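Student: Got a structure for you, run07.tsv, holding TSV, C-alpha atoms and all ligand atoms.
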chain	number	residue	atom	x	y	z
A	1	MET	CA	0.00	0.00	0.00
A	2	ILE	CA	1.12	3.52	-0.73
A	3	SER	CA	0.86	6.54	1.57
A	4	THR	CA	-0.75	9.83	0.56
A	5	PRO	CA	1.80	12.28	-0.92
A	6	PHE	CA	3.91	14.30	1.49
A	7	GLU	CA	6.76	16.78	1.49
A	8	TYR	CA	10.00	15.96	3.24
A	9	SER	CA	12.48	18.14	5.04
A	10	ARG	CA	15.39	17.41	7.33
A	11	ALA	CA	15.90	19.18	10.63
A	12	MET	CA	19.40	20.01	11.78
A	13	SER	CA	18.68	20.98	15.41
A	14	LEU	CA	15.87	20.66	17.95
A	15	ASP	CA	14.86	24.29	17.40
A	16	ASP	CA	14.98	23.82	13.64
A	17	ALA	CA	12.72	20.76	13.99
A	18	LEU	CA	10.23	22.68	16.15
A	19	ALA	CA	10.23	25.66	13.76
A	20	LYS	CA	9.72	23.41	10.73
A	21	LEU	CA	6.86	21.62	12.49
A	22	ARG	CA	5.23	24.93	13.48
A	23	ALA	CA	5.41	26.08	9.85
A	24	THR	CA	3.24	23.14	8.76
A	25	ASN	CA	0.23	24.48	10.74
A	26	GLY	CA	-0.59	21.10	12.23
A	27	GLU	CA	-0.12	19.19	8.96
A	28	GLY	CA	3.38	17.90	9.74
A	29	LYS	CA	4.92	15.07	11.73
A	30	PHE	CA	8.39	14.19	12.89
A	31	ILE	CA	9.88	11.03	11.47
A	32	ALA	CA	12.73	9.29	13.27
A	33	GLY	CA	13.19	5.59	12.40
A	34	GLY	CA	9.87	5.45	10.56
A	35	HIS	CA	9.14	1.95	11.87
A	36	SER	CA	5.85	2.92	13.47
A	37	LEU	CA	4.90	5.96	11.42
A	38	VAL	CA	5.49	4.56	7.92
A	39	PRO	CA	3.28	1.48	8.46
A	40	LEU	CA	0.52	3.84	9.69
A	41	MET	CA	1.00	6.04	6.62
A	42	LYS	CA	0.84	3.05	4.30
A	43	LEU	CA	-2.45	2.04	5.93
A	44	ARG	CA	-3.55	5.71	5.62
A	45	LEU	CA	-4.20	5.82	9.36
A	46	SER	CA	-1.83	8.79	9.41
A	47	GLU	CA	-1.67	11.27	6.52
A	48	PRO	CA	0.86	13.97	7.33
A	49	LYS	CA	1.41	16.51	4.54
A	50	VAL	CA	4.99	17.17	5.67
A	51	LEU	CA	7.52	14.81	7.23
A	52	ILE	CA	10.30	16.43	9.24
A	53	ASP	CA	13.21	14.04	9.54
A	54	ILE	CA	14.82	14.28	12.96
A	55	ALA	CA	17.06	11.23	12.56
A	56	ARG	CA	20.22	13.20	11.83
A	57	ILE	CA	20.01	15.98	14.39
A	58	PRO	CA	23.50	16.15	15.93
A	59	GLY	CA	23.41	15.24	19.62
A	60	LEU	CA	19.89	13.77	19.53
A	61	SER	CA	21.34	10.29	19.68
A	62	GLY	CA	23.87	8.82	22.07
A	63	ILE	CA	24.19	7.30	25.51
A	64	ARG	CA	26.18	9.16	28.16
A	65	THR	CA	26.53	9.70	31.89
A	66	LYS	CA	25.14	12.93	33.27
A	67	GLY	CA	26.20	13.25	36.91
A	68	ASP	CA	24.74	10.18	38.66
A	69	LYS	CA	22.34	9.55	35.81
A	70	ILE	CA	22.39	7.95	32.40
A	71	GLU	CA	21.04	9.98	29.50
A	72	ILE	CA	19.86	8.36	26.29
A	73	GLY	CA	19.11	10.69	23.39
A	74	ALA	CA	15.71	10.26	21.77
A	75	GLY	CA	17.28	9.54	18.40
A	76	THR	CA	19.32	6.59	19.69
A	77	SER	CA	18.55	3.43	17.76
A	78	HIS	CA	17.44	0.28	19.52
A	79	HIS	CA	20.64	-1.36	18.21
A	80	ASP	CA	22.83	1.27	19.84
A	81	VAL	CA	20.98	0.85	23.14
A	82	ALA	CA	21.30	-2.94	22.91
A	83	SER	CA	25.03	-2.80	22.18
A	84	SER	CA	25.95	-0.04	24.64
A	85	ALA	CA	28.88	-1.16	26.83
A	86	LEU	CA	27.92	1.52	29.36
A	87	LEU	CA	24.36	0.23	29.73
A	88	GLN	CA	25.48	-3.40	29.80
A	89	GLN	CA	27.72	-2.50	32.73
A	90	VAL	CA	25.54	-0.21	34.84
A	91	CYS	CA	21.96	-0.96	33.81
A	92	PRO	CA	21.89	-4.14	31.71
A	93	MET	CA	18.08	-4.39	31.72
A	94	VAL	CA	17.80	-1.50	29.26
A	95	ALA	CA	20.26	-3.04	26.78
A	96	GLU	CA	18.62	-6.46	27.12
A	97	ALA	CA	15.12	-5.09	26.51
A	98	ALA	CA	16.34	-3.18	23.43
A	99	ALA	CA	17.97	-6.36	22.10
A	100	GLU	CA	14.55	-8.04	22.18
A	101	ILE	CA	12.79	-5.41	20.06
A	102	GLY	CA	11.66	-6.65	16.64
A	103	ASP	CA	14.37	-7.80	14.27
A	104	PRO	CA	17.73	-6.34	13.16
A	105	GLN	CA	16.10	-4.00	10.61
A	106	VAL	CA	13.72	-2.60	13.23
A	107	ARG	CA	16.54	-2.24	15.76
A	108	ASN	CA	18.81	-0.48	13.29
A	109	ARG	CA	16.24	2.14	12.32
A	110	GLY	CA	13.82	2.44	15.25
A	111	THR	CA	14.57	4.93	18.02
A	112	LEU	CA	13.87	5.30	21.71
A	113	GLY	CA	12.09	8.64	21.21
A	114	GLY	CA	9.90	7.23	18.45
A	115	SER	CA	8.92	4.28	20.59
A	116	LEU	CA	8.01	6.47	23.58
A	117	ALA	CA	6.08	9.02	21.48
A	118	HIS	CA	4.18	6.32	19.61
A	119	ALA	CA	3.42	4.39	22.84
A	120	ASP	CA	2.29	1.16	21.27
A	121	PRO	CA	0.58	-0.84	24.03
A	122	ALA	CA	2.93	-3.75	23.26
A	123	ALA	CA	6.18	-1.74	23.09
A	124	ASP	CA	9.05	-2.70	25.37
A	125	TYR	CA	10.61	0.61	26.43
A	126	PRO	CA	7.55	1.94	28.31
A	127	ALA	CA	7.76	-0.87	30.90
A	128	VAL	CA	11.50	-0.35	31.25
A	129	MET	CA	11.16	3.42	31.68
A	130	LEU	CA	8.44	2.89	34.31
A	131	ALA	CA	10.64	0.49	36.28
A	132	LEU	CA	13.52	2.98	36.18
A	133	ASP	CA	11.26	5.93	37.07
A	134	ALA	CA	12.86	7.65	34.08
A	135	GLU	CA	12.56	11.34	33.34
A	136	ILE	CA	11.44	12.12	29.81
A	137	HIS	CA	12.81	15.46	28.60
A	138	VAL	CA	10.67	17.33	26.14
A	139	LYS	CA	11.12	20.62	24.26
A	140	GLY	CA	8.31	22.72	22.82
A	141	PRO	CA	7.46	26.31	21.89
A	142	LYS	CA	7.36	27.24	25.59
A	143	GLY	CA	10.77	25.70	26.31
A	144	TRP	CA	11.82	22.60	28.21
A	145	ARG	CA	9.79	20.41	30.52
A	146	MET	CA	10.34	17.06	32.19
A	147	VAL	CA	7.76	14.33	32.65
A	148	HIS	CA	8.24	11.29	34.86
A	149	ALA	CA	7.52	8.02	33.07
A	150	HIS	CA	4.66	7.28	35.48
A	151	ASP	CA	2.89	10.43	34.27
A	152	PHE	CA	3.87	10.09	30.62
A	153	PHE	CA	1.84	7.05	29.53
A	154	ARG	CA	-1.79	8.11	29.61
A	155	GLY	CA	-3.79	5.73	27.40
A	156	LEU	CA	-3.83	3.79	24.16
A	157	PHE	CA	-1.20	5.46	21.93
A	158	THR	CA	-1.59	8.48	24.21
A	159	VAL	CA	1.22	10.18	26.10
A	160	ASP	CA	1.84	13.50	27.80
A	161	LEU	CA	3.35	15.07	24.69
A	162	ALA	CA	1.74	17.93	22.78
A	163	ALA	CA	1.62	17.83	18.98
A	164	ASP	CA	4.14	20.72	18.88
A	165	GLU	CA	6.68	19.15	21.25
A	166	ILE	CA	9.69	16.92	20.68
A	167	ILE	CA	11.23	14.32	22.97
A	168	ALA	CA	14.92	15.10	23.40
A	169	GLY	CA	15.85	12.15	25.58
A	170	VAL	CA	15.46	10.28	28.83
A	171	GLN	CA	17.46	10.30	32.05
A	172	PHE	CA	17.44	7.75	34.88
A	173	ASN	CA	19.51	6.53	37.78
A	174	PRO	CA	21.04	3.26	36.61
A	175	VAL	CA	19.88	0.16	38.50
A	176	ARG	CA	21.92	-3.03	38.17
A	177	SER	CA	19.45	-5.18	40.13
A	178	ALA	CA	16.90	-4.99	37.34
A	179	ALA	CA	15.60	-7.33	34.66
A	180	TYR	CA	13.08	-7.52	31.83
A	181	ALA	CA	11.09	-10.63	30.91
A	182	LYS	CA	8.82	-10.79	27.91
A	183	LEU	CA	6.51	-13.22	26.21
A	184	HIS	CA	6.87	-12.09	22.63
A	185	GLN	CA	4.60	-12.40	19.68
A	186	ARG	CA	6.48	-14.74	17.34
A	187	ALA	CA	6.32	-12.70	14.16
A	188	SER	CA	6.87	-9.12	15.30
A	189	HIS	CA	8.43	-9.73	18.72
A	190	PHE	CA	6.06	-7.15	20.25
A	191	ALA	CA	5.24	-7.99	23.87
A	192	ILE	CA	2.17	-10.09	24.60
A	193	VAL	CA	3.25	-9.53	28.18
A	194	GLY	CA	6.45	-7.70	29.17
A	195	VAL	CA	7.55	-7.01	32.73
A	196	ALA	CA	10.44	-4.82	33.85
A	197	VAL	CA	11.61	-4.93	37.46
A	198	ALA	CA	14.06	-2.67	39.30
A	199	LEU	CA	14.92	-3.56	42.89
A	200	ASP	CA	16.57	-1.47	45.57
A	201	VAL	CA	18.10	-3.98	47.97
A	202	ASN	CA	20.01	-3.23	51.16
A	203	ASN	CA	21.47	-5.92	53.47
A	204	GLY	CA	19.28	-8.58	51.90
A	205	VAL	CA	16.08	-6.53	52.35
A	206	ILE	CA	14.07	-5.07	49.48
A	207	ARG	CA	13.85	-1.36	50.25
A	208	SER	CA	11.66	-0.74	47.23
A	209	ALA	CA	10.64	-2.32	43.95
A	210	ARG	CA	9.38	-0.69	40.78
A	211	ILE	CA	7.63	-2.90	38.26
A	212	GLY	CA	6.48	-1.83	34.79
A	213	LEU	CA	4.05	-3.92	32.75
A	214	THR	CA	3.52	-3.66	29.00
A	215	GLY	CA	1.58	-5.63	26.39
A	216	ALA	CA	-1.16	-6.64	28.79
A	217	SER	CA	-3.39	-3.59	28.71
A	218	SER	CA	-4.03	-0.48	26.63
A	219	TYR	CA	-0.98	1.28	28.01
A	220	ALA	CA	2.04	0.50	30.14
A	221	THR	CA	1.46	0.67	33.86
A	222	ARG	CA	3.12	0.00	37.22
A	223	LEU	CA	2.18	-3.08	39.26
A	224	LYS	CA	1.82	-1.14	42.50
A	225	ASP	CA	0.30	-3.99	44.51
A	226	VAL	CA	3.28	-6.23	43.77
A	227	GLU	CA	5.67	-3.37	44.56
A	228	GLU	CA	3.97	-2.82	47.92
A	229	ALA	CA	4.00	-6.54	48.71
A	230	LEU	CA	7.78	-6.61	48.23
A	231	ALA	CA	8.78	-3.42	50.05
A	232	GLY	CA	10.47	-4.15	53.37
A	233	LYS	CA	10.58	-7.93	52.75
A	234	ALA	CA	13.67	-10.12	52.74
A	235	LEU	CA	14.99	-10.81	49.26
A	236	SER	CA	14.02	-14.47	49.16
A	237	MET	CA	12.51	-16.85	46.64
A	238	PRO	CA	9.30	-17.44	48.67
A	239	ASN	CA	8.72	-13.68	49.01
A	240	ILE	CA	9.33	-13.13	45.28
A	241	GLU	CA	7.00	-15.97	44.33
A	242	ALA	CA	4.25	-14.81	46.70
A	243	ALA	CA	4.40	-11.23	45.40
A	244	ALA	CA	4.43	-12.35	41.75
A	245	ARG	CA	1.21	-14.28	42.30
A	246	LEU	CA	-0.57	-10.95	42.88
A	247	ALA	CA	0.53	-9.54	39.52
A	248	GLY	CA	-2.30	-8.36	37.31
A	249	ALA	CA	-5.10	-9.30	39.74
A	250	LEU	CA	-6.21	-5.67	40.07
A	251	LEU	CA	-5.87	-4.92	36.37
A	252	GLU	CA	-9.30	-4.27	34.88
A	253	ASP	CA	-8.21	-3.46	31.35
A	254	VAL	CA	-6.56	-6.61	29.95
A	255	ASN	CA	-6.12	-6.92	26.19
A	256	SER	CA	-7.56	-9.65	24.05
A	257	ASP	CA	-6.53	-9.94	20.40
A	258	ILE	CA	-5.54	-12.41	17.70
A	259	HIS	CA	-2.24	-13.05	19.49
A	260	ALA	CA	-3.57	-13.88	22.95
A	261	SER	CA	-6.88	-13.98	24.78
A	262	GLN	CA	-7.53	-11.97	27.91
A	263	GLU	CA	-7.45	-15.18	29.96
A	264	TYR	CA	-4.06	-16.17	28.56
A	265	ARG	CA	-2.59	-12.72	29.20
A	266	ARG	CA	-3.97	-12.78	32.75
A	267	ALA	CA	-2.29	-16.13	33.29
A	268	MET	CA	1.01	-14.93	31.86
A	269	ILE	CA	1.32	-11.69	33.85
A	270	PRO	CA	2.33	-13.46	37.11
A	271	VAL	CA	4.59	-15.88	35.21
A	272	PHE	CA	6.61	-13.11	33.56
A	273	THR	CA	6.54	-10.95	36.69
A	274	GLU	CA	8.15	-13.83	38.56
A	275	ARG	CA	10.76	-14.29	35.82
A	276	ALA	CA	11.68	-10.61	35.85
A	277	LEU	CA	11.77	-10.57	39.67
A	278	LYS	CA	14.05	-13.59	39.71
A	279	GLY	CA	16.33	-11.98	37.13
A	280	ALA	CA	16.56	-8.81	39.21
A	281	MET	CA	17.05	-10.88	42.36
A	282	SER	CA	19.97	-12.83	40.92
A	283	ARG	CA	21.63	-9.53	39.96
A	284	ALA	CA	21.04	-8.18	43.47
A	285	LEU	CA	22.53	-11.35	45.01
A	286	ALA	CA	25.57	-11.14	42.73
A	287	ARG	CA	26.24	-7.67	44.15
A	288	ILE	CA	25.94	-8.86	47.77
A	289	GLN	CA	28.33	-11.84	47.28
A	301	LIG	C1	8.08	-5.44	12.20
A	301	LIG	C2	8.17	-4.57	13.42
A	301	LIG	C3	8.40	-5.17	14.65
A	301	LIG	C4	8.47	-4.38	15.80
A	301	LIG	N1	8.71	-5.00	17.01
A	301	LIG	C5	8.76	-4.26	18.13
A	301	LIG	C6	9.01	-4.86	19.40
A	301	LIG	O1	9.21	-6.07	19.52
A	301	LIG	N2	9.05	-4.06	20.49
A	301	LIG	C7	8.88	-2.70	20.40
A	301	LIG	O2	8.92	-2.01	21.43
A	301	LIG	N3	8.66	-2.10	19.21
A	301	LIG	C8	8.61	-2.83	18.09
A	301	LIG	N4	8.40	-2.23	16.87
A	301	LIG	C9	8.25	-0.77	16.82
A	301	LIG	C10	9.64	-0.13	16.68
A	301	LIG	O3	10.31	-0.23	17.90
A	301	LIG	C11	9.56	1.37	16.27
A	301	LIG	O4	10.84	1.67	15.84
A	301	LIG	C12	9.23	2.34	17.33
A	301	LIG	O5	7.98	2.05	17.93
A	301	LIG	C13	9.09	3.76	16.76
A	301	LIG	O6	10.34	4.36	16.62
A	301	LIG	P1	10.72	5.09	15.30
A	301	LIG	O7	12.00	5.80	15.56
A	301	LIG	O8	10.71	4.12	14.20
A	301	LIG	O9	9.56	6.19	15.20
A	301	LIG	P2	8.76	6.73	13.93
A	301	LIG	O10	8.02	5.64	13.28
A	301	LIG	O11	9.65	7.57	13.08
A	301	LIG	O12	7.73	7.70	14.68
A	301	LIG	C14	6.69	7.18	15.48
A	301	LIG	C15	5.91	8.36	16.07
A	301	LIG	O13	6.70	9.05	17.02
A	301	LIG	C16	6.87	10.43	16.64
A	301	LIG	N5	8.25	10.74	17.03
A	301	LIG	C17	9.37	10.09	16.66
A	301	LIG	N6	10.44	10.60	17.32
A	301	LIG	C18	9.96	11.58	18.11
A	301	LIG	C19	10.56	12.49	19.04
A	301	LIG	N7	11.87	12.45	19.33
A	301	LIG	N8	9.77	13.39	19.69
A	301	LIG	C20	8.43	13.42	19.45
A	301	LIG	N9	7.81	12.60	18.58
A	301	LIG	C21	8.57	11.68	17.93
A	301	LIG	C22	6.58	10.47	15.15
A	301	LIG	O14	6.09	11.75	14.75
A	301	LIG	C23	5.50	9.39	15.03
A	301	LIG	O15	4.26	9.92	15.42
A	301	LIG	C24	8.33	-2.98	15.70
A	301	LIG	C25	8.10	-2.38	14.46
A	301	LIG	C26	8.01	-3.16	13.32
A	301	LIG	C27	7.80	-2.50	12.00
Would it be possible to restate this file's structure as structure tokens?
Ligand SMILES: Cc1cc2nc3c(=O)[nH]c(=O)nc-3n(C[C@H](O)[C@H](O)[C@H](O)COP(=O)(O)OP(=O)(O)OC[C@H]3O[C@@H](n4cnc5c(N)ncnc54)[C@H](O)[C@@H]3O)c2cc1C
Tutor:
Amino acid sequence: MISTPFEYSRAMSLDDALAKLRATNGEGKFIAGGHSLVPLMKLRLSEPKVLIDIARIPGLSGIRTKGDKIEIGAGTSHHDVASSALLQQVCPMVAEAAAEIGDPQVRNRGTLGGSLAHADPAADYPAVMLALDAEIHVKGPKGWRMVHAHDFFRGLFTVDLAADEIIAGVQFNPVRSAAYAKLHQRASHFAIVGVAVALDVNNGVIRSARIGLTGASSYATRLKDVEEALAGKALSMPNIEAAARLAGALLEDVNSDIHASQEYRRAMIPVFTERALKGAMSRALARIQ
């Protein structure tokens, strides 16, 4: 299928991208990797008159330390996240989740910013960003603002991002005791259920846990009841297993589609929560020993 005709221009800075978008009077869209937008255009579910290419804005991609935090530019490809030596060392969950996105073509073109802006209910990064309590940095006509991941994902393909704003990047405190576990759809690798866990463990006790769930409902969400069940408990297999059993029980909005029924997803949420918790636990134990 062929998209409706559009004009194309390439932005060379964030401000240039915002100015070019403003000049389209609501008829334009940013394009980064194109791996979500182009399929929508081919299906004519999106018909922008102007595409503003942000893929080559200098500084929009890259992974770096910023004080105690890690910053990932919005234009960073999934491949670059997956192969980052820095992330593999200080926050391997992020690199591992990126390595599980789609296939090599998708990972080479698709970007973190595009994934967050698009907010597919089955995308991997939203769960990971929720577990890391990441800050999403956004620029618009009124300047900069920062949104925490837990406020960013609002609904089906809906995020706290105005049509005239651009995501510049994300920042988070790296967590080594963290893991991602996903049941993937065989063809696309999108998550049927994906769970990201970040644990804060001190002297064998879980001080706090953050757990992000994707794929299961219309948008990524935190599993607060499981987090609360773990806080203050000893880091032990029985405690992990007991908490994981709660996962998804309070979730009213569970997806059902050609890939998995609601019942199957409900059954898989605790399974993959337990897997992610065990992955995070083994990383926490490796630090203690
Ligand atoms: C076959 C296939 C398999 C896939 N499998 C998976 C998977 O397993 N897991 C997964 O998570 N994803 C998967 N994806 C989606 C993939 O990760 C996309 O790359 C990603 O969702 C969008 O990133 P992009 O850079 O391609 O964005 P684009 O398609 O270029 O843009 C998507 C949307 O975001 C907007 N946008 C882009 N960048 C910004 C920005 N910086 N600021 C504001 N708005 C912006 C665009 O205007 C557009 O509305 C798959 C895609 C395909 C085609």
Student: Let me see if you get this right: every residue at most 6 Å from ligand LIG 301 (chain A), counting only C-alpha atoms and all ligand atoms, written as a short mmCIF file (atom, residue, chain, number, x, y, z; two decimals) with C-alpha atoms, in the frame of the given file.
Tutor:
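Final output, saved to selection25.cif:
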data_model
loop_
_atom_site.label_atom_id
_atom_site.label_comp_id
_atom_site.auth_asym_id
_atom_site.auth_seq_id
_atom_site.Cartn_x
_atom_site.Cartn_y
_atom_site.Cartn_z
CA LYS A 29 4.92 15.07 11.73
CA PHE A 30 8.39 14.19 12.89
CA ILE A 31 9.88 11.03 11.47
CA ALA A 32 12.73 9.29 13.27
CA GLY A 33 13.19 5.59 12.40
CA GLY A 34 9.87 5.45 10.56
CA HIS A 35 9.14 1.95 11.87
CA SER A 36 5.85 2.92 13.47
CA LEU A 37 4.90 5.96 11.42
CA ALA A 74 15.71 10.26 21.77
CA ILE A 101 12.79 -5.41 20.06
CA GLY A 102 11.66 -6.65 16.64
CA VAL A 106 13.72 -2.60 13.23
CA GLY A 110 13.82 2.44 15.25
CA THR A 111 14.57 4.93 18.02
CA GLY A 113 12.09 8.64 21.21
CA GLY A 114 9.90 7.23 18.45
CA SER A 115 8.92 4.28 20.59
CA ALA A 117 6.08 9.02 21.48
CA HIS A 118 4.18 6.32 19.61
CA ALA A 123 6.18 -1.74 23.09
CA ASP A 124 9.05 -2.70 25.37
CA TYR A 125 10.61 0.61 26.43
CA ILE A 166 9.69 16.92 20.68
CA ILE A 167 11.23 14.32 22.97
CA ALA A 168 14.92 15.10 23.40
CA SER A 188 6.87 -9.12 15.30
CA HIS A 189 8.43 -9.73 18.72
CA PHE A 190 6.06 -7.15 20.25
#
Student: Find the residues around Lys42 (chain A) up to 7 Å (only C-alpha atoms counted), leave out those fewer than 3 positions away in its own chain, and share them as an MDAnalysis selection string.
Tutor: chainID A and resid 1:3 38:39
Student: To one decimal in Å, tell me the separation between CA of Ala181 (chain A) and CA of Ala122 (chain A).
Tutor: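 Interatomic distance here is 13.1 Å.
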Student: Compile the contact shell of Gly169 (chain A) as a CSV table (one decimal) with C-alpha atoms, keeping the file's coordinate frame: residues with an atom at most 10 Å away, counting all atoms listed in the file, same-chain residues fewer than 6 positions apart removed.
Tutor:
chain,number,residue,atom,x,y,z
A,60,LEU,CA,19.9,13.8,19.5
A,61,SER,CA,21.3,10.3,19.7
A,62,GLY,CA,23.9,8.8,22.1
A,63,ILE,CA,24.2,7.3,25.5
A,71,GLU,CA,21.0,10.0,29.5
A,72,ILE,CA,19.9,8.4,26.3
A,73,GLY,CA,19.1,10.7,23.4
A,74,ALA,CA,15.7,10.3,21.8
A,75,GLY,CA,17.3,9.5,18.4
A,76,THR,CA,19.3,6.6,19.7
A,112,LEU,CA,13.9,5.3,21.7
A,113,GLY,CA,12.1,8.6,21.2
A,116,LEU,CA,8.0,6.5,23.6
A,135,GLU,CA,12.6,11.3,33.3
A,136,ILE,CA,11.4,12.1,29.8
A,137,HIS,CA,12.8,15.5,28.6
A,138,VAL,CA,10.7,17.3,26.1
A,139,LYS,CA,11.1,20.6,24.3
A,146,MET,CA,10.3,17.1,32.2
Student: Hey, which of A:Thr273, A:Ser236, A:Asn203, A:Asn255 ends up closest to Lys182 (chain A)? Count only C-alpha atoms.
Tutor: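 Using only C-alpha atoms, Lys182 (chain A) sits closest to A:Thr273.
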Student: Could you tell me how far CA of Gly215 (chain A) lies from CA of Ala191 (chain A), in Å and to one decimal?
Tutor: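 Going from CA of Gly215 (chain A) over to CA of Ala191 (chain A), I get 5.0 Å.
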Student: From the options A:Gln105, A:Thr158, A:Pro5, A:Ala85, which residue's atoms come nearest to Glu47 (chain A), counting all atoms listed in the file?
Tutor: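 The answer is A:Pro5, which sits nearest to Glu47 (chain A).
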Student: Any idea what the distance is between CA of Glu165 (chain A) and CA of Tyr219 (chain A)?
Tutor: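 Separation between CA of Glu165 (chain A) and CA of Tyr219 (chain A): 20.6 Å.
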Student: Of the candidates A:Ala55, A:Val50, A:Leu230, A:Leu213, which one gets nearest to Arg265 (chain A) if we count only C-alpha atoms?
Tutor: A:Leu213
